[in-house]
Amino acid sequence: MIAAVPVETERRAARTGPLVELRGLTVEYGIGEGAVRAVDGVDLAIAPGEILGLAGESGSGKSTIANAMLQILRPPARIAGGQILFENEDLTTKSREELRKFRWRNVSMVFQSAMNSLNPVMRVGDQFVDMMRAHERISKRDSLKQAEGLLDLVGIDPRRIRSYPHELSGGMRQRVIIAMALALEPELVIMDEPTTALDVVVQREIVQQIRTLQRKLGFAVLFITHDLSLLLEVANRVAIMYAGEIVEEATSEEIHRAPRHPYTIGLMQSFPPLRGPVVRMSGIAGSPPDLAATPSGCRFHPRCPHCLPGDAALYARQTTERPRLREVAPGHRVACHLVERDG
Amino acid sequence: MSQIQVELQDQPFSPLSAPATRRGIKVPAWIVLLLKNPKGRVGLAIVLGIALLAVISPLIADPASATNFSFATRLAPTWHHLFGTTDQGEDVWAGVVVGARRSLATGFLVALLATGLAATLGITAAYVGGIVDDVISLVTSVVFVIPTVPLLIDVTAFLHQRGMTTMILVVGFTIWAFEARILRGQALTLKNRDFIQAAKVSGESTWRIVFGELMPNMISRIAAAFVLVFYIAIIIEAGLEFLGLGDSAKASWGVSLYWATVNSSVLQGEWWSFLFPGLAIGITVLGLTLVLAGIDEVSNPRLRGIPTRRALLLRRRGPA
Amino acid sequence: MRWFLRRLAFYVFAVWLALTLTFLLPRLMPGNPVGGLLQHLSPSQIQANPGIIATYEKLLGGNHESIPTAYWQYLGHVVHLNFGISTSNYPAKVSEVVGRTLPYSIALVGIAFVLAFVLGTAVGTVAAWRRGGGFDTFFVPLFLTLGAFPAYFTALLIVYFVGLKLGWFPFQHAYSTDVTPGLHWNFISSAIQHGILPALVIVLAYAGGWVLNMRTVMINTIGEDYVTMAQAKGLKDRRVMLRYAARNAILPPLNGFAPQFATAVGGVIFVELVFSYPGAGFTLQQAALGNDYPLTQALLLVFAICPIVAMFLTDLANLVLDPRVRTA
């Protein structure tokens with residue numbers, strides 16, 4: 001599989017247009033009156049081979065987007081509207097079997113909890129075999145051989161295919177899952193907080209490894225985390241989510257250099273930069289809104305330092321009108337009344 | 001998955017596990033929740049309905065006709081004898097409603113005794129820990145695998161006086177073990193909560209913490225365990241009577257079943273003599289099971305079924 | 001290995017406790033059991049069996065020995081299976097009565113209870129997987145209701161409706177009176193036919209508990225990340241359900257098997273009584289009513305040891321099914 005990589009990368013680079021495109025994606029928990037919108041009309045595109053970062057606080061809908069893309073939402077969560085286009089084909093209209101084949105072959109996922117993502121009663125190797133044989137006609141022996149190669153690729157002793165998950169450390173388990181995610185050479189790998197459950201040293205190693213592998217194999221990555229400073233290091237482009245909406249989207253450099261949304265600015269200040277001098281952290285006052293009763297107008301307005309009754313006209317807009325995402329610079333979109341006013 | 005789900009699931013836990021206030025009588029939140037739960041509501045209605053029948057039984061049936069051979073024998077159900085009469089000429093309806101008193105009272109008292117033992121031992125074991133926990137847990141797990149019914153049969157065979165008190169003591173002292181095990185596990189999770197630790201640090205005595213802090217805060221769990229033991233006690237108690245090891249001269253559901261088999265009513269086709277007392281046990285147990293299922297669903301919302309309409313909509317999207 | 005040694009210590013302790021319990025019970029009870037027992041034998045019967053009184057006294061107490069000596073003598077008798085003569089089956093020995101009746105019970109309960117477990121966990125698995133669907137809303141309440149009926153009541157219903165009214169299967173005794181027990185087809189087919197209804201009762205009475213138990217555990221397991229990941233891996237639904245969700249969810253119910261078995265052993269007594277099935281349970285009930293104490297003591301021991309054996313077997317199953325136990 002490794003030999004096939006250069007050709008594969010070329011093919012991907014040659015294609016034009018986004019790999020995945022979300023159009024107005026809406027995910028609700030429940031039905032009718034009590035329904036809670038976890039994701040509300042999200043537009044987002046991922047280009048082939050790029051690393052797109054998705055940042056936001058807990059409960060902002062990041063993981064829900066990831067699960068919706070693979071169509072593995074658990075009831076009562078369901079896609080209530082919008083489209084998920086993969087290479088211009090809408091996934092929401094696909095049959096069960098088509099979806100099953102699509103999963104992992106085209107989009108794979110590294111889950112948040114390394115500790116719980118592997119079946120505790122199956123050997124690591126068998127979990128590779130299971131996955132490979134769900135997608136291609138391959139003997140058990142050959143798939144185990146491939147699994148050994150993949151483990152080697154992520155720096156784990158290939159003999160570990162005989163191990164059970166509880167015999168591996170947290171970092172090793174996460175590497176095993178990364179190896180699994182790469183096995184079918186998917187176009188996109190979703191990484192949902194891949195390092196949160198691990199200690200800091202292992203975190204660094206794993207992030208390094210993801211970047212190396214991505215450069216080598218050329219797959220696109222949707223990297224989800226609440227750690228914006230980590231994201232700015234890893235991702236080409238970053239989208240910031242707040243209360244189920246995307247509030248800002250730009251290249252990492254742009255976000256780093258000139259964040260526009262007050263929430264983004266707040267997020268930047270809540271994490272110490274990984275390198276550089278120690279700075280005072282201010283963070284964001286208040287807590288994320290209850291999605292069952294989202295604030296009117298701009299959802300961020302109750303926590304926004306720039307939402308003050310002083311400017312009556314602006315205040316009225318902030319509290320009653322939903323800001324729309326608009327382009328403030330090439331490739332830099334922001335949903336904020338302040339920016340609209342300035343621009 | 002997403003954190004949202006976790007929050008939604010956590011919510012109903014809080015009324016159950018919030019520190020209970022010791023002053024003032026207020027309907028606890030979990031009872032309100034239980035009444036809102038369909039299974040809990042139906043279950044409670046059944047149990048209270050049967051209890052009401054037992055209480056008013058002298059008004060709706062003649063207690064004497066439950067045990068006296070005062071009518072024609074082997075009558076199928078008619079207007080005069082709603083549930084028919086037995087081989088010996090007792091009225092089955094009277095037997096069922098009057099017998100309800102004895103069956104329910106025995107079950108209730110057994111459950112009370114067993115729950116008292118189980119709560120004290122289980123919670124103490126969890127809270128004190130160490131060697132005390134080891135010993136209690138060992139005894140519990142051994143008593144747990146000793147089959148209750150054969151033991152009870154053996155004990156009642158030796159006892160020549162077979163009254164209600166004997167029955168309550170014997171059953172109560174043999175079935176507390178599994179309940180103690182459940183409550184111990186639940187107390188363990190509560191033990192490290194802040195308010196318990198705070199009480200410990202402020203120097204309150206072990207007994208005071210066990211009875212004053214832990215028990216009031218486990219009241220819904222203890223109630224669930226009580227309901228469980230209540231219906232097991234009804235089944236076992238009626239079962240022992242059915243085997244002829246109870247006081248066969250008094251009216252109760254188990255005794256009715258005993259006479260129905262002894263007089264081979266079943267083999268002679270007199271279905272009414274065993275059907276109605278048996279149904280009385282079955283319906284009572286079903287009611288208690290529903291109450292228990294309601295309590296379970298209130299404390300673990302994931303178990304709730306999704307309304308069918310929603311399930312239909314979601315079926316296409318993988319496992320529901 | 002350490003885990004296994006600890007379990008072994010537990011079995012030994014449990015067996016010891018069962019032995020001690022049967023030693024203490026008759027000695028703690030009011031009255032003199034041996035005196036009551038001897039009333040069931042005529043003087044000539046007692047004379048024909050020299051030493052029978054001493055045997056009874058060693059089992060049941062009353063010979064004024066010190067407790068340690070009495071305990072030691074009691075253990076000696078139990079180890080040699082010497083429980084004397086069963087008064088209600090004179091002149092048969094207690095060990096003969098147990099040996100004759102126990103195989104019927106073991107066959108009946110063993111098969112029926114394993115069937116109940118398999119059926120119950122299977123229904124629970126599917127109900128949880130399609131939670132809120134038609135299967136869940138129909139079968140779960142059905143099994144819940146059946147489980148709410150005590151085994152003896154279900155047994156009476158089955159005897160009356162299926163046995164007596166429909167006449168589909170025999171409902172009394174363990175085999176036809178015209179065949180002699182032995183290893184030949186006539187007897188085996190007759191025994192199977194006679195076992196169907198009692199087994200059905202046990203399955204109906206005990207499957208419900210497993211349905212609920214498995215459904216609850218399964219619903220919690222479905223929420224685990226490894227199940228979501230299995231689905232994300234593009235595995236077929238059935239495979240996710242069986243190899244990822246159910247395979248893990250089965251472990252807690254399996255650990256509840258032995259205690260449940262202890263309960264079922266009790267329920268079997270009722271079933272055997274209703275079907276006049278000549279097993280150990282029916283015999284225990286008869287012995288208890290007839291004050292045949294040596295027989296009740298021996299059977300109580302057997303009934304107490306059965307769940308310990310079941311526990312040993314589930315521990316073995318655990319060892320096979322859960323890799324985490326193997327390294328513990």
# chains A, B, ... in the order shown; residues from 1 in each chain; ligands from 1
>>> select_by_dssp(residues="range 85-158 of chain C", states="alpha helix (DSSP H)", output="PyMOL selection string")
chain C and resi 94-129+134-148+151-158
>>> interface_residues(of="chain A", to="chain C", cutoff="9 Å", atoms="only C-alpha atoms", output="MDAnalysis selection string")
chainID A and resid 67 70:74 97 99:105 107:113 116:122 127 130:135 164 166:167 180:181
>>> atom_distance(atom1="CA of Pro302 in chain A", atom2="CA of Ile284 in chain A")
11.1 Å
>>> interface_residues(of="chain A", to="chain B", cutoff="10 Å", atoms="only C-alpha atoms", output="PyMOL selection string")
chain A and resi 29-31+36+38+58-67+71-79+92+95-96+99-100+111-113+192+290-291
>>> closest_residue(among="B:Ser220, B:Ser299, B:Thr165, B:Thr261", to="chain C", atoms="only C-alpha atoms")
B:Thr261
>>> decode(residues="range 149-217 of chain C", atoms="C-alpha atoms", output="short mmCIF file (atom, residue, chain, number, x, y, z; two decimals), in the first residue's frame")
data_model
loop_
_atom_site.label_atom_id
_atom_site.label_comp_id
_atom_site.auth_asym_id
_atom_site.auth_seq_id
_atom_site.Cartn_x
_atom_site.Cartn_y
_atom_site.Cartn_z
CA PHE C 149 -45.76 -14.95 36.87
CA PRO C 150 -44.19 -17.20 39.48
CA ALA C 151 -42.93 -20.47 38.02
CA TYR C 152 -45.54 -22.49 39.90
CA PHE C 153 -48.38 -20.46 38.44
CA THR C 154 -47.00 -20.68 34.90
CA ALA C 155 -46.63 -24.41 35.51
CA LEU C 156 -50.28 -24.73 36.54
CA LEU C 157 -51.38 -22.76 33.49
CA ILE C 158 -49.28 -24.90 31.16
CA VAL C 159 -50.49 -28.14 32.74
CA TYR C 160 -54.07 -27.05 32.41
CA PHE C 161 -54.06 -25.47 28.97
CA VAL C 162 -51.29 -27.22 27.01
CA GLY C 163 -51.29 -30.53 28.85
CA LEU C 164 -54.90 -31.13 29.83
CA LYS C 165 -56.95 -29.13 27.31
CA LEU C 166 -54.80 -29.39 24.20
CA GLY C 167 -53.19 -32.68 25.18
CA TRP C 168 -50.08 -31.94 23.17
CA PHE C 169 -47.55 -33.32 25.61
CA PRO C 170 -47.61 -35.54 28.69
CA PHE C 171 -47.65 -33.52 31.88
CA GLN C 172 -47.15 -35.98 34.69
CA HIS C 173 -44.04 -37.91 35.69
CA ALA C 174 -40.72 -38.07 33.84
CA TYR C 175 -41.40 -41.00 31.49
CA SER C 176 -44.26 -43.30 30.55
CA THR C 177 -45.08 -46.05 32.99
CA ASP C 178 -44.63 -48.65 30.24
CA VAL C 179 -40.93 -48.04 29.69
CA THR C 180 -38.09 -48.96 32.00
CA PRO C 181 -35.36 -46.39 32.59
CA GLY C 182 -32.16 -47.19 30.72
CA LEU C 183 -30.01 -46.14 27.82
CA HIS C 184 -32.36 -47.05 25.03
CA TRP C 185 -34.42 -45.01 22.59
CA ASN C 186 -37.84 -45.87 24.08
CA PHE C 187 -36.88 -44.40 27.41
CA ILE C 188 -35.01 -41.40 26.02
CA SER C 189 -37.80 -40.32 23.69
CA SER C 190 -40.34 -40.77 26.45
CA ALA C 191 -38.19 -38.76 28.85
CA ILE C 192 -37.77 -35.98 26.29
CA GLN C 193 -41.51 -35.81 25.67
CA HIS C 194 -42.20 -35.64 29.38
CA GLY C 195 -39.54 -33.01 29.84
CA ILE C 196 -40.86 -30.58 27.23
CA LEU C 197 -43.57 -28.92 29.30
CA PRO C 198 -41.58 -28.56 32.53
CA ALA C 199 -38.67 -27.19 30.50
CA LEU C 200 -41.02 -24.77 28.73
CA VAL C 201 -42.20 -23.48 32.10
CA ILE C 202 -38.64 -22.89 33.27
CA VAL C 203 -37.74 -21.11 30.03
CA LEU C 204 -40.83 -18.88 30.19
CA ALA C 205 -40.33 -18.10 33.86
CA TYR C 206 -36.63 -17.29 33.69
CA ALA C 207 -36.00 -15.89 30.21
CA GLY C 208 -37.68 -12.59 31.15
CA GLY C 209 -35.03 -11.71 33.71
CA TRP C 210 -32.28 -12.26 31.16
CA VAL C 211 -34.14 -10.19 28.57
CA LEU C 212 -34.27 -7.18 30.88
CA ASN C 213 -30.75 -7.67 32.17
CA MET C 214 -29.20 -8.07 28.73
CA ARG C 215 -31.22 -5.19 27.27
CA THR C 216 -30.02 -2.82 29.97
CA VAL C 217 -26.36 -3.81 29.67
#
